[in-house]
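Some notes on the structure that comes next.
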Amino acid sequence: MKTVAAIVRTELLERRMALAAAAFAAVMPFLVPLARGLHGASAREARESLAFIVTAGFASVLALALGWSAISRDLADGRLGFYLSRPISGAALWAGKLGGAWILALAAAAVVWIPSWIASGGRTVLVDLPRWSGWAVLAAPAVLVVLAHAASITLRSRSALLLLDLAVLLLAAGVIFWLARLLLWRSAWGPLRVGGAVVAAAVLLGALTGGLAAVTRGRSDIRSAHRALSPRLWSGLAGGAMGFGAVTLWVLSAGPSDLSLDGAVPAPRGSWVAVAGGARGALTGFLIDTASGRYLRAGSARPQTKWWEGPSFSADGATAAWFEPRGGAAFELVTASLSATGAAARRTAFETMSLPDDLAVSPDGKRVALVGSGRVEVVDVATGRLLAAERLSATYPTMVGAFLGSDRFLAAIWGSDRLELFELDVPARRIARRTTILGLEGWYTFAFDASGERVLVRERSGRRLRLFDVRTGNAIATLTEGPAQNSSWALFLSDGRIVYLTGGDNGASLRLFSADGRPERSIEIPRRRALPGGEVAPGKFVFAIWSGDISETVLYLADLDSGDIRRVADGLYPVLWFATRLAPVVPGSDATELFYSTGDIRGLVRFDPLTGERRVILKGRKEG
Amino acid sequence: MSEDSLLSVENLTVRYGPKIACDGVSLSVARGAVYALLGRNGAGKSSLVHCALGQRKPDSGRALLFGEDAWRTRARAMTRTGVEPEEPDAPPAMTRDALVDFCRRLYPSWDSAGTRARLDRFGVPAGVPFGALSKGQKGMLQLALALGPAPQLLILDDPTLGLDPVARKALFEEIVGELADRGTTIFLTTHDLGGIEAIATRVGILKDGRLVLDEDLETLKGRFRRIRYGNRLTETREAFGTELDAFEAVKVKVRGWGIDAVVSNFDDGAFERLRQTNGVEDASTSSMSLEEIFLAIAGEAAGEGGAA
């Protein structure tokens with residue numbers, strides 16, 4: 001320690017001019033407010049801000065310069081022998097030289113900062129710095145000194161080994177960049193931070209041990225020093241890349257059991273469901289077969305991931321399609337054939353630079369339609385070829401769409417006061433405007449029937465519900481008009497009748513209308529909110545109601561023909577309540593039996609309201 | 001290696017890429033000896049010194065200081081070793097007093113008064129940064145620093161390089177004084193053969209990385225002699241016969257008046273027999289200086305003549 005102190009002292013003496021330069025720099029924060037004619041608080045703020053910037057900048061540059069020259073310059077100039085021919089161990093020489101550089105950088109920072117700090121009465125207006133910032137101020141110059149020392153030895157040695165260093169650096173950077181993209185695509189900010197910290201720590205450790213070895217093993221020969229440093233630096237880079245890889249692998253190997261469920265979208269038929277949420281710090285999506293438990297990683301790897309933007313299904317539930325990032329800014333279309341025996345993802349040749357608003361799969365699973373940015377595009381899944389591409393709007397409105405058969409596609413532009421509907425004849429590549437429904441008020445939602453001939457439009461927070469003829473754009477009927485509701489949902493039943501489920505301060509109600517919009521039945525329910533499910537059998541409609549906390553939902557089964565309702569479960573609510581896709585759900589399909597379990601944490605349950613049979617698909621899990 | 005050897009190298013090889021600086025060199029410096037390692041520029045002297053100081057790891061073989069591997073125990077060995085490098089290498093911004101103060105903190109014992117007195121005697125000015133001193137002053141300052149801890153072993157790598165005659169004389173006087181006072185073992189490389197001849201006890205000569213001579217100076221000077229004689233042995237007088245075989249001539253010049261030879265195995269009896277040989281006239285012998293011996297051994301490349 002005595003030896004280290006002696007070397008530190010020497011370094012400080014030798015480079016004391018740096019402190020004089022710091023004193024000169026300390027004047028700058030005082031001069032600039034004067035030059036700009038600032039007074040009072042603004043002068044003080046300008047001075048302190050500038051003092052902070054000058055201090056950080058000066059200390060950083062000085063740390064880099066000192067780290068660059070402290071040992072390697074002596075080594076290159078053949079002056080390290082002065083120390084090596086004395087009873088100074090290599091480690092003490094390294095610690096003393098770099099320690100001196102670090103202390104000098106800190107001292108220079110203090111020289112720059114303190115006058116401004118004193119002028120502010122020992123306080124600063126730069127508040128809310130995190131608690132660790134003090135340690136960062138101490139550690140940052142040390143890190144810069146260590147890195148600059150390692151870099152200077154590799155560069156000053158002018159040995160061919162430098163090419164290998166660069167190759168390893170580029171390789172490691174490439175691997176880390178490639179891995180980081182996988183995490184970025186999944187918005188895995190936490191793992192990215194951890195991975196970044198692992199890389200930084202490993203590289204720093206490599207530079208630290210390498211820099212030390214360069215002195216203890218390289219001694220008076222800079223090329224030997226470089227040879228001693230490089231393997232440790234490579235180990236640090238490789239260790240960092242492997243550490244980052246381990247973090248990435250850990251994130252990517254998450255299964256459905258790791259999922260903190262955000263939401264689920266079931267296939268209209270069959271037993272598959274798309275789920276999405278957070279798993280091991282990343283946004284993750286899966287396709288899960290609720291019958292067998294088999295699963296496939298799918299979707300959610302998109303920057304603006306929302307759980308309802310995951311895979312889309314064909315009407316028969318046998319095909320799913322979604323986008324995965326491909327690199328750069330491109331996304332590639334991926335499809336999967338879903339069956340009871342499993343599923344396999346298949347990358348198509350179709351790529352796009354911007355994600356669509358909506359994605360629909362044709363009933364036969366052979367075509368995928370993309371709508372968004374004012375355009376509709378239909379892609380052949382097998383070849384990735386664009387079968388049709390038409391522009392519907394010069395602007396960028398919100399769009400949705402649905403196949404009305406494999407050759408016909410219905411696209412809707414969701415305007416502020418109108419709903420524009422277009423039909424695309426895919427084989428003919430011909431787009432035709434079907435209708436424009438005008439005069440819609442307030443925020444509205446809509447739902448098509450299975451044939452695409454009628455559309456229900458719910459306006460002004462449920463104050464009004466109207467039925468329109470898609471061919472003409474004319475209103476067939478106004479089903480209801482009244483006060484705003486806490487919640488309201490309108491949907492077609494499989495036989496064409498209409499259910500309107502509302503929840504208000506005076507209680508919830510389920511109203512049944514005929515196919516042409518005439519009221520048939522109304523069932524009052526003593527709760528303030530309601531969520532619809534689907535038909536577990538024709539005419540058997542399941543829905544959830546609650547008053548305060550959604551964790552206290554009660555699941556009811558309504559016999560729409562008799563008007564009877566029956567409480568079938570507590571703490572469940574239907575997955576189908578948020579069905580933005582337009583493909584109709586078949587009564588009794590598995591989708592109608594999927595429910596979120598409530599409580600502290602959301603889970604996914606398969607529950608048959610007719611028999612009471614219940615099976616957990618995903619346990620509720622907190623994001624970890 | 002003798003237990004009383006303070007410095008030794010064993011089969012030492014040092015390479016710089018394809019170039020071999022030291023090629024299997026072995027030598028030993030006994031306690032109390034003054035070992036002068038001689039060689040032309042590039043012969044490998046400094047590489048050997050760097051290995052001996054534990055500053056460079058040999059490519060093969062090893063260097064020992066105080067009986068221990070110099071590479072592994074360098075720092076410990078340096079507590080008992082004083083070093084003056086070939087090129088002045090002290091931090092350029094530090095003054096002599098700052099350097100003395102720095103060194104004082106490193107050694108278990110340090111002769112501050114002696115060092116200051118020595119520096120005053122050498123005329124090294126106080127308050128002048130090391131980088132601003134003359135080359136001679138730098139050399140003398142580094143010698144003073146090397147002697148400061150009263151080392152058991154003094155390693156001097158070409159200490160007279162760039163010194164003027166006065167400084168060179170002062171340096172050798174200091175070394176002689178050190179020897180007289182404390183019997184310090186000295187290992188040095190030098191091109192100043194005249195200066196070292198008076199104090200060296202053993203000499204080694206490196207040539208192209210190989211140690212071609214390693215011998216006590218007294219013995220060396222005893223066996224190396226110059227022999228001159230008139231040559232009536234051959235008609236042409238342009239060659240010589242077998243008469244020098246017993247002397248192991250290392251350099252022979254045939255001149256108009258006869259033969260001028262340097263031999264490496266002089267023997268009085270053999271010389272007497274030479275004198276009495278028919279055809280040999282006016283044979284005489286003379287001793288040689290270390291410089292002459294060095295030139296005879298290492299100077300061929302400079303066009304100093306052929307060997308027997």
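FYI, nothing fancy with the structure tokens labels: chains A, B, ... in order, residues from 1 per chain, ligands from 1 as they appear.
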Give me, as a Markdown table, the closest atom pair and its distance (Å, one decimal) for every residue of chain A within a cut-off of 6 Å of chain B, counting only C-alpha atoms, rows sorted by chain and rising number.
| residue | atom | partner | partner_atom | distance |
| --- | --- | --- | --- | --- |
| A:Glu14 | CA | B:Ala93 | CA | 5.5 |
| A:Arg79 | CA | B:Asp89 | CA | 4.4 |
| A:Phe82 | CA | B:Asp89 | CA | 5.5 |
| A:Arg86 | CA | B:Met78 | CA | 5.2 |
| A:Pro87 | CA | B:Ala75 | CA | 4.3 |
| A:Ile88 | CA | B:Ala75 | CA | 5.3 |
| A:Ser89 | CA | B:Ala75 | CA | 5.3 |
| A:Arg219 | CA | B:Gln55 | CA | 5.6 |
| A:Ser220 | CA | B:Gln55 | CA | 5.6 |
Can you tell me, as number ranges by chain, what residues are no more than 9 Å from Glu453 of chain A when counting only C-alpha atoms, ignoring any on the same chain fewer than 2 positions away? A: 448-451, 455, 468-471
Write to file, as a PDB file, in the first residue's frame, the residues of the selection just made, with N, CA and C atoms.
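Saved file again_15.pdb follows:
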ATOM      1  N   PHE A 448     -70.525  -6.968 -37.136  1.00  0.00           N
ATOM      2  CA  PHE A 448     -71.202  -7.520 -38.306  1.00  0.00           C
ATOM      3  C   PHE A 448     -71.857  -8.845 -37.953  1.00  0.00           C
ATOM      4  N   ASP A 449     -72.887  -9.185 -38.725  1.00  0.00           N
ATOM      5  CA  ASP A 449     -73.415 -10.538 -38.572  1.00  0.00           C
ATOM      6  C   ASP A 449     -72.566 -11.493 -39.411  1.00  0.00           C
ATOM      7  N   ALA A 450     -72.873 -12.799 -39.317  1.00  0.00           N
ATOM      8  CA  ALA A 450     -72.021 -13.805 -39.966  1.00  0.00           C
ATOM      9  C   ALA A 450     -71.972 -13.634 -41.471  1.00  0.00           C
ATOM     10  N   SER A 451     -73.047 -13.099 -42.050  1.00  0.00           N
ATOM     11  CA  SER A 451     -73.082 -12.962 -43.504  1.00  0.00           C
ATOM     12  C   SER A 451     -72.439 -11.674 -43.986  1.00  0.00           C
ATOM     13  N   VAL A 455     -75.009  -4.671 -39.916  1.00  0.00           N
ATOM     14  CA  VAL A 455     -74.021  -4.201 -38.949  1.00  0.00           C
ATOM     15  C   VAL A 455     -74.748  -3.456 -37.824  1.00  0.00           C
ATOM     16  N   PHE A 468     -77.962  -1.504 -39.211  1.00  0.00           N
ATOM     17  CA  PHE A 468     -77.887  -0.978 -40.570  1.00  0.00           C
ATOM     18  C   PHE A 468     -77.809  -2.120 -41.584  1.00  0.00           C
ATOM     19  N   ASP A 469     -78.303  -1.792 -42.764  1.00  0.00           N
ATOM     20  CA  ASP A 469     -78.162  -2.702 -43.897  1.00  0.00           C
ATOM     21  C   ASP A 469     -76.852  -2.341 -44.611  1.00  0.00           C
ATOM     22  N   VAL A 470     -75.955  -3.302 -44.685  1.00  0.00           N
ATOM     23  CA  VAL A 470     -74.635  -3.017 -45.254  1.00  0.00           C
ATOM     24  C   VAL A 470     -74.734  -2.668 -46.736  1.00  0.00           C
ATOM     25  N   ARG A 471     -75.705  -3.268 -47.453  1.00  0.00           N
ATOM     26  CA  ARG A 471     -75.787  -3.031 -48.899  1.00  0.00           C
ATOM     27  C   ARG A 471     -76.199  -1.595 -49.202  1.00  0.00           C
TER      28      ARG A 471
END
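Restricting the calculation to only C-alpha atoms, the smallest distance between Val61 of chain A and any of A:Gly496, A:Gly78, A:Pro363, A:Pro141 is found for A:Pro141.
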To one decimal in Å, tell me the separation between atom CA of Leu610 of chain A and atom CA of Tyr295 of chain A.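 That distance, rounded to one decimal, is 27.0 Å.
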Take atom CA of Pro29 of chain A and atom CA of Arg131 of chain A and report the distance between them in Å, one decimal. 24.9 Å
Distance query Leu155 of chain A at most 10 Å, only C-alpha atoms, self and fewer than 3 positions along chain excluded, as a CSV table (one decimal) with C-alpha atoms, in the first residue's frame:
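And here's selection.csv as it stands now:
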chain,number,residue,atom,x,y,z
A,68,TRP,CA,-4.6,6.4,-22.2
A,72,SER,CA,1.2,2.7,-21.9
A,150,ALA,CA,-6.6,-1.2,-22.1
A,151,ALA,CA,-7.4,0.5,-25.4
A,152,SER,CA,-4.1,2.4,-25.4
A,158,ARG,CA,1.0,-1.7,-33.2
A,159,SER,CA,1.0,-5.4,-33.3
A,161,LEU,CA,-2.8,-8.8,-32.7
A,162,LEU,CA,-4.8,-5.6,-33.0
A,165,ASP,CA,-8.8,-7.7,-31.2
A,226,HIS,CA,-0.6,-6.6,-25.5
Which residues are close to segment 378-385 of chain A, i.e. within 6 Å by only C-alpha atoms, leaving aside same-chain residues fewer than 4 positions away? Reply as a tab-separated table (two decimals) with C-alpha atoms, in the first residue's frame.
chain	number	residue	atom	x	y	z
A	348	THR	CA	-43.96	-17.07	-45.46
A	349	ALA	CA	-42.08	-15.11	-48.07
A	350	PHE	CA	-44.22	-12.06	-47.43
A	366	LYS	CA	-54.87	-20.04	-47.71
A	367	ARG	CA	-55.06	-16.26	-47.76
A	368	VAL	CA	-54.28	-13.51	-45.33
A	369	ALA	CA	-55.59	-9.98	-45.61
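With only C-alpha atoms taken into account, the protein and nucleic acid residues at most 8 Å from Leu261 of chain A (excluding it and anything under 5 positions from it in its own chain) are Val275, Ala276, Gly277, Gly278, Arg602, Gly603, Gly620 and Arg621 of chain A.
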Can those selected residues be exported to a file as a compact mmCIF listing (two decimals), in the first residue's frame so that it contains N, CA and C atoms?
# COMPACT_ATOMS: atom_id res chain seq x y z
N VAL A 275 -52.56 -16.39 -26.43
CA VAL A 275 -52.44 -15.68 -25.16
C VAL A 275 -51.20 -14.78 -25.24
N ALA A 276 -51.23 -13.72 -24.49
CA ALA A 276 -50.09 -12.80 -24.48
C ALA A 276 -49.96 -12.16 -23.11
N GLY A 277 -48.76 -11.74 -22.82
CA GLY A 277 -48.52 -11.08 -21.53
C GLY A 277 -47.03 -10.95 -21.30
N GLY A 278 -46.67 -10.78 -20.07
CA GLY A 278 -45.26 -10.65 -19.72
C GLY A 278 -44.75 -11.97 -19.19
N ARG A 602 -54.73 -12.55 -12.81
CA ARG A 602 -55.59 -13.12 -13.83
C ARG A 602 -55.05 -14.47 -14.33
N GLY A 603 -55.94 -15.44 -14.45
CA GLY A 603 -55.58 -16.73 -15.02
C GLY A 603 -56.53 -17.06 -16.15
N GLY A 620 -52.84 -18.03 -12.68
CA GLY A 620 -52.51 -16.61 -12.56
C GLY A 620 -51.09 -16.48 -12.05
N ARG A 621 -50.37 -15.55 -12.63
CA ARG A 621 -48.95 -15.42 -12.24
C ARG A 621 -48.56 -13.96 -12.32
Contact residues around Gly401 of chain A with only C-alpha atoms at 10 Å, ignoring same-chain residues under 3 positions, as a list in words: Asp357, Asp358, Leu359, Ala360, Val361, Ala369, Leu370, Val371, Gly372, Val376, Leu404, Phe409, Leu410, Ala411, Ala412, Ile413, Leu421, Phe422, Glu423, Arg581, Leu582 and Ala583 of chain A
DSSP alpha helix (DSSP H) residues within segment 50-249 of chain B, listed as JSON, numbers by chain: {"B": [50, 51, 52, 74, 75, 76, 77, 96, 97, 98, 99, 100, 101, 102, 103, 104, 112, 113, 114, 115, 116, 117, 118, 119, 120, 121, 122, 135, 136, 137, 138, 139, 140, 141, 142, 143, 144, 145, 146, 147, 165, 166, 167, 168, 169, 170, 171, 172, 173, 174, 175, 176, 177, 178, 179, 180, 181, 182, 193, 194, 195, 196, 197, 217, 218, 219, 220, 221, 222, 223]}
What does the distance from atom CA of Asp495 of chain A to atom CA of Ser514 of chain A come to in Å, to one decimal? 9.4 Å
Could you check the closest approach to Ala21 of chain B for each of B:Met140, B:Leu48, B:Ala132, B:Val176 and tell me which residue wins, using only C-alpha atoms?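 Ranked by minimum distance to Ala21 of chain B, first place goes to B:Leu48.
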Identify, on the basis of only C-alpha atoms, every residue whose closest approach to Pro397 of chain A does not exceed 7 Å; exclude the query and any residue fewer than 6 positions from it along the same chain; express the result as a list in words.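 That gives Ser373, Gly374, Ile413, Trp414 and Gly415 of chain A.
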Next, dump the selected residues to file, keeping only C-alpha atoms, as a PDB file, in the first residue's frame.
ATOM      1  CA  SER A 373     -52.621   2.800 -43.700  1.00  0.00           C
ATOM      2  CA  GLY A 374     -55.600   3.258 -46.028  1.00  0.00           C
ATOM      3  CA  ILE A 413     -62.770   2.370 -42.391  1.00  0.00           C
ATOM      4  CA  TRP A 414     -63.550   3.436 -38.870  1.00  0.00           C
ATOM      5  CA  GLY A 415     -64.088   7.173 -39.316  1.00  0.00           C
TER       6      GLY A 415
END
Just list the residues in segment 467-613 of chain A DSSP gives strand (DSSP E or B) on the backbone, as a PyMOL selection string. chain A and resi 467-469+475-481+487-492+498-504+507-513+519-525+529-537+540-546+554-559+564-570+572-574+594-597+603-607
